[in-house]
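Next comes data-v5.cif, with mmCIF, C-alpha atoms; chains and numbers go by the auth columns.
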```cif
data_structure
#
loop_
_atom_site.group_PDB
_atom_site.id
_atom_site.type_symbol
_atom_site.label_atom_id
_atom_site.label_comp_id
_atom_site.label_asym_id
_atom_site.label_seq_id
_atom_site.Cartn_x
_atom_site.Cartn_y
_atom_site.Cartn_z
_atom_site.B_iso_or_equiv
_atom_site.auth_seq_id
_atom_site.auth_asym_id
ATOM 1 C CA MET A 1 27.823 32.473 167.755 0.00 704 A
ATOM 2 C CA LYS A 2 27.801 35.485 170.090 0.00 705 A
ATOM 3 C CA ILE A 3 28.691 38.856 168.595 0.00 706 A
ATOM 4 C CA CYS A 4 29.444 41.963 170.635 0.00 707 A
ATOM 5 C CA VAL A 5 29.448 45.466 169.126 0.00 708 A
ATOM 6 C CA VAL A 6 30.984 48.353 171.062 0.00 709 A
ATOM 7 C CA SER A 7 29.752 51.802 170.059 0.00 710 A
ATOM 8 C CA GLY A 8 31.888 53.569 167.489 0.00 711 A
ATOM 9 C CA LYS A 9 31.771 56.701 169.653 0.00 712 A
ATOM 10 C CA ARG A 10 33.855 55.115 172.369 0.00 713 A
ATOM 11 C CA ARG A 11 37.359 56.623 172.479 0.00 714 A
ATOM 12 C CA GLU A 12 39.216 53.850 174.278 0.00 715 A
ATOM 13 C CA MET A 13 39.350 50.072 174.487 0.00 716 A
ATOM 14 C CA THR A 14 39.173 49.843 178.279 0.00 717 A
ATOM 15 C CA VAL A 15 35.867 48.030 178.369 0.00 718 A
ATOM 16 C CA ARG A 16 34.886 44.764 180.001 0.00 719 A
ATOM 17 C CA LEU A 17 33.470 42.639 177.235 0.00 720 A
ATOM 18 C CA PRO A 18 30.687 40.146 177.888 0.00 721 A
ATOM 19 C CA GLN A 19 31.248 36.539 176.903 0.00 722 A
ATOM 20 C CA CYS A 20 31.324 36.466 173.112 0.00 723 A
ATOM 21 C CA ASP A 21 33.060 34.921 170.107 0.00 724 A
ATOM 22 C CA VAL A 22 33.664 38.131 168.151 0.00 725 A
ATOM 23 C CA ALA A 23 33.784 41.760 169.322 0.00 726 A
ATOM 24 C CA LEU A 24 33.594 44.764 166.982 0.00 727 A
ATOM 25 C CA PHE A 25 34.909 48.213 167.898 0.00 728 A
ATOM 26 C CA GLY A 26 34.222 51.323 165.851 0.00 729 A
ATOM 27 C CA PHE A 27 36.775 53.758 164.474 0.00 730 A
ATOM 28 C CA GLY A 28 36.785 55.805 167.669 0.00 731 A
ATOM 29 C CA ALA A 29 38.499 53.238 169.910 0.00 732 A
ATOM 30 C CA LEU A 30 41.932 53.316 168.250 0.00 733 A
ATOM 31 C CA GLY A 31 41.607 56.539 166.287 0.00 734 A
ATOM 32 C CA THR A 32 44.541 57.116 163.924 0.00 735 A
ATOM 33 C CA VAL A 33 47.379 54.593 164.088 0.00 736 A
ATOM 34 C CA ASP A 34 50.778 55.589 162.723 0.00 737 A
ATOM 35 C CA TYR A 35 52.739 52.543 161.518 0.00 738 A
ATOM 36 C CA GLU A 36 56.148 54.135 162.215 0.00 739 A
ATOM 37 C CA SER A 37 55.165 54.996 165.785 0.00 740 A
ATOM 38 C CA GLU A 38 53.920 51.447 166.302 0.00 741 A
ATOM 39 C CA LEU A 39 57.153 49.933 164.965 0.00 742 A
ATOM 40 C CA ASP A 40 59.296 52.307 167.055 0.00 743 A
ATOM 41 C CA GLY A 41 57.374 51.441 170.194 0.00 744 A
ATOM 42 C CA LYS A 42 56.121 55.000 170.715 0.00 745 A
ATOM 43 C CA THR A 43 52.533 53.778 170.582 0.00 746 A
ATOM 44 C CA GLU A 44 51.049 50.348 171.327 0.00 747 A
ATOM 45 C CA LYS A 45 47.551 50.527 169.856 0.00 748 A
ATOM 46 C CA PHE A 46 47.736 47.247 167.965 0.00 749 A
ATOM 47 C CA GLU A 47 49.182 45.587 171.063 0.00 750 A
ATOM 48 C CA GLN A 48 46.200 46.841 173.051 0.00 751 A
ATOM 49 C CA THR A 49 43.924 45.146 170.559 0.00 752 A
ATOM 50 C CA ALA A 50 45.823 41.866 170.899 0.00 753 A
ATOM 51 C CA LYS A 51 45.830 42.048 174.707 0.00 754 A
ATOM 52 C CA LEU A 52 42.092 42.661 174.801 0.00 755 A
ATOM 53 C CA SER A 53 41.480 39.594 172.622 0.00 756 A
ATOM 54 C CA HIS A 54 43.511 37.532 175.103 0.00 757 A
ATOM 55 C CA ALA A 55 41.790 38.947 178.186 0.00 758 A
ATOM 56 C CA ALA A 56 38.290 38.560 176.720 0.00 759 A
ATOM 57 C CA HIS A 57 38.984 35.167 175.067 0.00 760 A
ATOM 58 C CA CYS A 58 37.451 36.289 171.795 0.00 761 A
ATOM 59 C CA GLY A 59 38.300 37.715 168.404 0.00 762 A
ATOM 60 C CA VAL A 60 38.565 41.515 168.330 0.00 763 A
ATOM 61 C CA LEU A 61 37.931 43.569 165.176 0.00 764 A
ATOM 62 C CA CYS A 62 38.732 47.236 165.606 0.00 765 A
ATOM 63 C CA GLY A 63 38.224 49.979 163.038 0.00 766 A
ATOM 64 C CA CYS A 64 40.938 52.628 162.730 0.00 767 A
ATOM 65 C CA ILE A 65 42.612 55.103 160.387 0.00 768 A
ATOM 66 C CA THR A 66 46.114 53.899 159.524 0.00 769 A
ATOM 67 C CA ASN A 67 48.886 56.287 158.524 0.00 770 A
ATOM 68 C CA SER A 68 51.692 54.884 156.394 0.00 771 A
ATOM 69 C CA ARG A 69 54.151 57.724 155.739 0.00 772 A
ATOM 70 C CA GLY A 70 51.378 60.184 155.086 0.00 773 A
ATOM 71 C CA PHE A 71 49.082 57.812 153.215 0.00 774 A
ATOM 72 C CA LEU A 72 45.825 57.407 155.119 0.00 775 A
ATOM 73 C CA ARG A 73 43.596 54.337 154.888 0.00 776 A
ATOM 74 C CA LYS A 74 40.428 53.184 156.586 0.00 777 A
ATOM 75 C CA SER A 75 41.394 49.886 158.164 0.00 778 A
ATOM 76 C CA VAL A 76 40.361 47.172 160.591 0.00 779 A
ATOM 77 C CA ALA A 77 42.853 45.538 162.958 0.00 780 A
ATOM 78 C CA VAL A 78 42.057 41.899 163.775 0.00 781 A
ATOM 79 C CA ALA A 79 43.333 40.023 166.831 0.00 782 A
ATOM 80 C CA SER A 80 42.584 36.655 168.406 0.00 783 A
ATOM 81 C CA ASN A 81 44.017 34.723 171.362 0.00 784 A
ATOM 82 C CA GLY A 82 46.419 37.538 172.169 0.00 785 A
ATOM 83 C CA LYS A 83 47.870 37.770 168.668 0.00 786 A
ATOM 84 C CA LEU A 84 47.446 40.401 165.983 0.00 787 A
ATOM 85 C CA LEU A 85 46.302 38.472 162.908 0.00 788 A
ATOM 86 C CA GLY A 86 46.457 41.353 160.471 0.00 789 A
ATOM 87 C CA ILE A 87 45.233 44.751 159.314 0.00 790 A
ATOM 88 C CA SER A 88 42.900 45.008 156.320 0.00 791 A
ATOM 89 C CA ASP A 89 42.140 48.190 154.370 0.00 792 A
ATOM 90 C CA MET A 90 39.069 49.583 152.619 0.00 793 A
ATOM 91 C CA LEU A 91 39.212 48.628 148.943 0.00 794 A
ATOM 92 C CA ASN A 92 37.074 51.328 147.333 0.00 795 A
ATOM 93 C CA VAL A 93 37.747 55.060 147.684 0.00 796 A
ATOM 94 C CA PHE A 94 35.318 57.578 146.220 0.00 797 A
ATOM 95 C CA ASP A 95 36.548 60.647 144.362 0.00 798 A
ATOM 96 C CA GLY A 96 37.235 63.584 146.653 0.00 799 A
ATOM 97 C CA GLU A 97 38.197 61.428 149.647 0.00 800 A
ATOM 98 C CA GLU A 98 41.653 61.712 151.215 0.00 801 A
ATOM 99 C CA TYR A 99 42.155 57.981 151.690 0.00 802 A
ATOM 100 C CA LYS A 100 44.136 55.419 149.714 0.00 803 A
ATOM 101 C CA SER A 101 42.613 52.101 148.716 0.00 804 A
ATOM 102 C CA GLY A 102 43.659 48.663 149.907 0.00 805 A
ATOM 103 C CA ALA A 103 44.418 45.669 147.734 0.00 806 A
ATOM 104 C CA THR A 104 42.986 42.452 149.192 0.00 807 A
ATOM 105 C CA LEU A 105 39.908 41.189 150.998 0.00 808 A
ATOM 106 C CA GLY A 106 40.216 40.522 154.707 0.00 809 A
ATOM 107 C CA ILE A 107 39.167 37.034 155.809 0.00 810 A
ATOM 108 C CA TYR A 108 40.153 35.775 159.267 0.00 811 A
ATOM 109 C CA THR A 109 39.395 32.851 161.554 0.00 812 A
ATOM 110 C CA VAL A 110 38.439 34.289 164.938 0.00 813 A
ATOM 111 C CA GLY A 111 36.560 32.666 167.770 0.00 814 A
ATOM 112 C CA GLY A 112 36.407 29.468 165.732 0.00 815 A
ATOM 113 C CA TYR A 113 34.496 31.174 162.913 0.00 816 A
ATOM 114 C CA LYS A 114 35.488 32.459 159.488 0.00 817 A
ATOM 115 C CA VAL A 115 34.828 36.201 159.421 0.00 818 A
ATOM 116 C CA GLY A 116 35.017 38.414 156.346 0.00 819 A
ATOM 117 C CA LEU A 117 35.591 42.168 156.569 0.00 820 A
ATOM 118 C CA CYS A 118 33.697 44.856 154.696 0.00 821 A
ATOM 119 C CA ILE A 119 35.019 48.349 155.412 0.00 822 A
ATOM 120 C CA ASP A 120 32.897 51.470 154.937 0.00 823 A
ATOM 121 C CA ASN A 121 32.632 52.206 151.171 0.00 824 A
ATOM 122 C CA ASP A 122 33.070 48.511 150.346 0.00 825 A
ATOM 123 C CA LEU A 123 29.504 47.959 151.556 0.00 826 A
ATOM 124 C CA TYR A 124 28.246 49.624 148.366 0.00 827 A
ATOM 125 C CA PHE A 125 29.926 47.032 146.133 0.00 828 A
ATOM 126 C CA PRO A 126 27.971 43.738 146.100 0.00 829 A
ATOM 127 C CA ASP A 127 30.926 41.826 144.661 0.00 830 A
ATOM 128 C CA THR A 128 32.716 42.297 147.979 0.00 831 A
ATOM 129 C CA VAL A 129 30.073 40.445 149.978 0.00 832 A
ATOM 130 C CA ARG A 130 29.467 37.904 147.198 0.00 833 A
ATOM 131 C CA THR A 131 33.162 36.997 147.198 0.00 834 A
ATOM 132 C CA LEU A 132 33.187 36.628 150.984 0.00 835 A
ATOM 133 C CA ALA A 133 30.224 34.270 150.680 0.00 836 A
ATOM 134 C CA MET A 134 31.997 32.197 148.028 0.00 837 A
ATOM 135 C CA CYS A 135 35.008 31.940 150.362 0.00 838 A
ATOM 136 C CA GLY A 136 32.812 30.264 152.975 0.00 839 A
ATOM 137 C CA CYS A 137 32.612 33.014 155.580 0.00 840 A
ATOM 138 C CA ASN A 138 30.300 32.454 158.546 0.00 841 A
ATOM 139 C CA LEU A 139 29.874 36.169 159.215 0.00 842 A
ATOM 140 C CA VAL A 140 30.457 39.484 157.461 0.00 843 A
ATOM 141 C CA ALA A 141 31.602 42.277 159.775 0.00 844 A
ATOM 142 C CA VAL A 142 31.068 45.794 158.461 0.00 845 A
ATOM 143 C CA HIS A 143 32.837 48.818 159.958 0.00 846 A
ATOM 144 C CA ALA A 144 31.602 52.285 158.993 0.00 847 A
ATOM 145 C CA GLU A 145 32.253 55.695 160.525 0.00 848 A
ATOM 146 C CA GLY A 146 28.542 56.420 160.583 0.00 849 A
ATOM 147 C CA VAL A 147 25.173 56.079 158.863 0.00 850 A
ATOM 148 C CA SER A 148 23.861 59.233 157.194 0.00 851 A
ATOM 149 C CA ASP A 149 20.801 57.583 155.644 0.00 852 A
ATOM 150 C CA GLY A 150 18.900 54.306 155.652 0.00 853 A
ATOM 151 C CA ILE A 151 20.895 52.666 152.872 0.00 854 A
ATOM 152 C CA PRO A 152 23.557 50.706 154.870 0.00 855 A
ATOM 153 C CA PRO A 153 20.985 48.856 157.039 0.00 856 A
ATOM 154 C CA LEU A 154 18.976 48.110 153.896 0.00 857 A
ATOM 155 C CA LEU A 155 22.072 46.716 152.177 0.00 858 A
ATOM 156 C CA ILE A 156 23.167 44.415 155.004 0.00 859 A
ATOM 157 C CA ARG A 157 19.631 43.036 155.215 0.00 860 A
ATOM 158 C CA ALA A 158 19.637 42.300 151.481 0.00 861 A
ATOM 159 C CA TYR A 159 23.145 40.789 151.523 0.00 862 A
ATOM 160 C CA ALA A 160 22.384 38.510 154.477 0.00 863 A
ATOM 161 C CA TYR A 161 19.267 37.213 152.720 0.00 864 A
ATOM 162 C CA LEU A 162 20.796 36.870 149.237 0.00 865 A
ATOM 163 C CA TYR A 163 24.129 35.317 150.232 0.00 866 A
ATOM 164 C CA GLY A 164 23.093 33.282 153.269 0.00 867 A
ATOM 165 C CA MET A 165 25.473 34.881 155.771 0.00 868 A
ATOM 166 C CA PRO A 166 24.597 36.990 158.818 0.00 869 A
ATOM 167 C CA VAL A 167 25.960 40.538 158.575 0.00 870 A
ATOM 168 C CA VAL A 168 26.813 42.811 161.510 0.00 871 A
ATOM 169 C CA LEU A 169 27.376 46.553 161.086 0.00 872 A
ATOM 170 C CA CYS A 170 29.185 48.828 163.535 0.00 873 A
ATOM 171 C CA ALA A 171 28.402 52.390 162.451 0.00 874 A
ATOM 172 C CA GLY A 172 28.919 55.399 164.694 0.00 875 A
ATOM 173 C CA GLY A 173 26.788 54.998 167.786 0.00 876 A
ATOM 174 C CA THR A 174 24.514 52.308 166.341 0.00 877 A
ATOM 175 C CA ALA A 175 24.909 48.575 165.837 0.00 878 A
ATOM 176 C CA TYR A 176 22.901 46.630 163.247 0.00 879 A
ATOM 177 C CA PHE A 177 22.525 42.902 162.698 0.00 880 A
ATOM 178 C CA ALA A 178 20.839 41.088 159.813 0.00 881 A
ATOM 179 C CA ASP A 179 20.230 37.330 159.707 0.00 882 A
ATOM 180 C CA ILE A 180 19.817 35.095 156.677 0.00 883 A
ATOM 181 C CA ASN A 181 16.014 35.316 156.907 0.00 884 A
ATOM 182 C CA GLY A 182 16.129 39.048 156.242 0.00 885 A
ATOM 183 C CA VAL A 183 15.363 40.083 159.819 0.00 886 A
ATOM 184 C CA LEU A 184 17.117 43.297 160.895 0.00 887 A
ATOM 185 C CA ALA A 185 17.892 44.303 164.485 0.00 888 A
ATOM 186 C CA SER A 186 19.562 47.442 165.803 0.00 889 A
ATOM 187 C CA SER A 187 20.820 48.873 169.078 0.00 890 A
ATOM 188 C CA THR A 188 22.134 52.233 170.290 0.00 891 A
ATOM 189 C CA GLN A 189 23.546 50.822 173.533 0.00 892 A
ATOM 190 C CA GLU A 190 27.247 51.316 174.164 0.00 893 A
ATOM 191 C CA VAL A 191 27.694 47.534 174.211 0.00 894 A
ATOM 192 C CA ALA A 192 25.235 45.535 172.095 0.00 895 A
ATOM 193 C CA MET A 193 24.951 41.756 171.847 0.00 896 A
ATOM 194 C CA PHE A 194 23.642 39.636 168.986 0.00 897 A
ATOM 195 C CA GLU A 195 23.486 35.853 168.715 0.00 898 A
ATOM 196 C CA THR A 196 23.154 33.608 165.683 0.00 899 A
ATOM 197 C CA SER A 197 23.747 30.039 164.579 0.00 900 A
ATOM 198 C CA PRO A 198 25.650 30.080 161.266 0.00 901 A
ATOM 199 C CA LYS A 199 24.227 27.629 158.746 0.00 902 A
ATOM 200 C CA ASN A 200 25.477 26.403 155.401 0.00 903 A
ATOM 201 C CA CYS A 201 22.218 26.424 153.457 0.00 904 A
ATOM 202 C CA TYR A 202 22.532 25.770 149.729 0.00 905 A
ATOM 203 C CA ARG A 203 20.047 25.383 146.900 0.00 906 A
ATOM 204 C CA LEU A 204 20.463 24.408 143.268 0.00 907 A
ATOM 205 C CA VAL A 205 20.043 27.292 140.814 0.00 908 A
ATOM 206 C CA THR A 206 19.899 26.517 137.075 0.00 909 A
ATOM 207 C CA THR A 207 20.193 29.114 134.303 0.00 910 A
ATOM 208 C CA ARG A 208 20.253 29.105 130.499 0.00 911 A
ATOM 209 C CA ARG A 209 22.917 31.081 128.656 0.00 912 A
ATOM 210 C CA ARG A 210 23.504 31.735 125.017 0.00 913 A
ATOM 211 C CA GLY A 211 26.874 30.457 123.756 0.00 914 A
ATOM 212 C CA LEU A 212 29.480 28.464 125.684 0.00 915 A
ATOM 213 C CA PHE A 213 28.615 25.220 123.881 0.00 916 A
ATOM 214 C CA SER A 214 29.802 23.172 120.970 0.00 917 A
ATOM 215 C CA PRO A 215 28.318 23.892 117.486 0.00 918 A
ATOM 216 C CA GLU A 216 27.175 20.286 117.422 0.00 919 A
ATOM 217 C CA VAL A 217 24.803 20.895 120.313 0.00 920 A
ATOM 218 C CA GLU A 218 21.301 21.671 119.099 0.00 921 A
ATOM 219 C CA ASP A 219 19.104 24.315 120.625 0.00 922 A
ATOM 220 C CA PHE A 220 16.487 23.125 123.073 0.00 923 A
#
```
Please rewrite the model in this file as structure tokens.
Amino acid sequence: MKICVVSGKRREMTVRLPQCDVALFGFGALGTVDYESELDGKTEKFEQTAKLSHAAHCGVLCGCITNSRGFLRKSVAVASNGKLLGISDMLNVFDGEEYKSGATLGIYTVGGYKVGLCIDNDLYFPDTVRTLAMCGCNLVAVHAEGVSDGIPPLLIRAYAYLYGMPVVLCAGGTAYFADINGVLASSTQEVAMFETSPKNCYRLVTTRRRGLFSPEVEDF
């Protein structure tokens, strides 16, 4: 699986992508997308995303700010084979932020792989990544506007190791990649490439819990 990450500082999508299965663009490429303008044909930002996925023969995941009649959301537009598959929104909004929260997790099949989305604040909620793992995702793609401290790279490294899925993070001008062995790589190049072989590695975990059994069952 070849993953391409285009720097979040880039302000357009006119870039020649290398051969890859999935390409991530930061929030700078599309900027703010107004749904009414898109529907009226005044802008064609989502269409650009779809066209790029067709030209590059890969799945394209592009961060953006969506405007729905004045309600702003942090979102990711997903396209594959020349078609827009959907737009997913950030689920968790912290107090004091101007954004509205989304409602559902984003899981898409792109480039022949099952990719789960984790958008900005959602990275700080382990249940998000745990649910994506339980849904059988091969990769978790994280879009963030930037990294102000060392916590996001630390989190993706932990999630990849704990849940057995590689995690890629597009954050500002830096790309990060964590594999299931806990190895973390990063790049500040405008176009960064990572490669991995997704594996379904499982192990049996047994626990003891109090309750949840019939009164006839004796303690042991």
Point to revise | Contacts of region 804-817 of chain A within 9 Å, only C-alpha atoms, excl. fewer than 4 positions in-chain, as a PyMOL selection string | key: chain A and resi 704+723-725+760-763+775-779+781-784+788-796+821+831+834-835+838-843
Exercise for review: Can you work out which one of A:Gly785, A:Arg860, A:Val845, A:Thr910 has the shortest atom-to-atom distance to His757 (chain A), counting only C-alpha atoms?
Suggested key: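 Closest to His757 (chain A), using only C-alpha atoms: A:Gly785.
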Review point. So which residues touch region 894-907 of chain A within 9 Å, counting only C-alpha atoms, skipping near sequence neighbours fewer than 4 positions away, as a ChimeraX atom specification?
Key: /A:704-710,720-721,723,839,841-842,867-869,871,877-878,880,882-883,888-890
Check your understanding: For Phe774 (chain A), which residue among A:Lys754, A:Arg911, A:Lys748, A:Lys803 is the nearest when counting all atoms listed in the file?
Key ->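 Checking each of A:Lys754, A:Arg911, A:Lys748, A:Lys803 against Phe774 (chain A), counting all atoms listed in the file, the winner is A:Lys803.
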Point to revise | Nearest-residue call for Gln722 (chain A), choices A:Tyr738, A:Ser756, A:Gly914, A:Gln751, using only C-alpha atoms | key: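 The closest residue to Gln722 (chain A) is A:Ser756.
Going from CA of Gly766 (chain A) to CA of Lys745 (chain A) covers 20.1 Å.
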Exercise for review: Find the distance between CA of Arg772 (chain A) and CA of Leu733 (chain A) and write it in Å to one decimal.
Suggested key: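 Computing it gives 18.0 Å between the two atoms.
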Check your understanding: For the atom pair CA of Asn770 (chain A) and CA of Ala847 (chain A), what is the interatomic distance in Å to one decimal place?
Key ->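 Straight-line distance from CA of Asn770 (chain A) to CA of Ala847 (chain A) works out to 17.7 Å.
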Give me the residues within 12 Å of Pro829 (chain A) as a tab-separated table (two decimals) with C-alpha atoms, keeping the file's coordinate frame, counting all atoms listed in the file and dropping any in the same chain fewer than 4 places off.
```tsv
chain	number	residue	atom	x	y	z
A	795	ASN	CA	37.07	51.33	147.33
A	821	CYS	CA	33.70	44.86	154.70
A	824	ASN	CA	32.63	52.21	151.17
A	825	ASP	CA	33.07	48.51	150.35
A	833	ARG	CA	29.47	37.90	147.20
A	834	THR	CA	33.16	37.00	147.20
A	835	LEU	CA	33.19	36.63	150.98
A	836	ALA	CA	30.22	34.27	150.68
A	858	LEU	CA	22.07	46.72	152.18
A	859	ILE	CA	23.17	44.42	155.00
A	861	ALA	CA	19.64	42.30	151.48
A	862	TYR	CA	23.14	40.79	151.52
A	863	ALA	CA	22.38	38.51	154.48
A	865	LEU	CA	20.80	36.87	149.24
A	866	TYR	CA	24.13	35.32	150.23
```
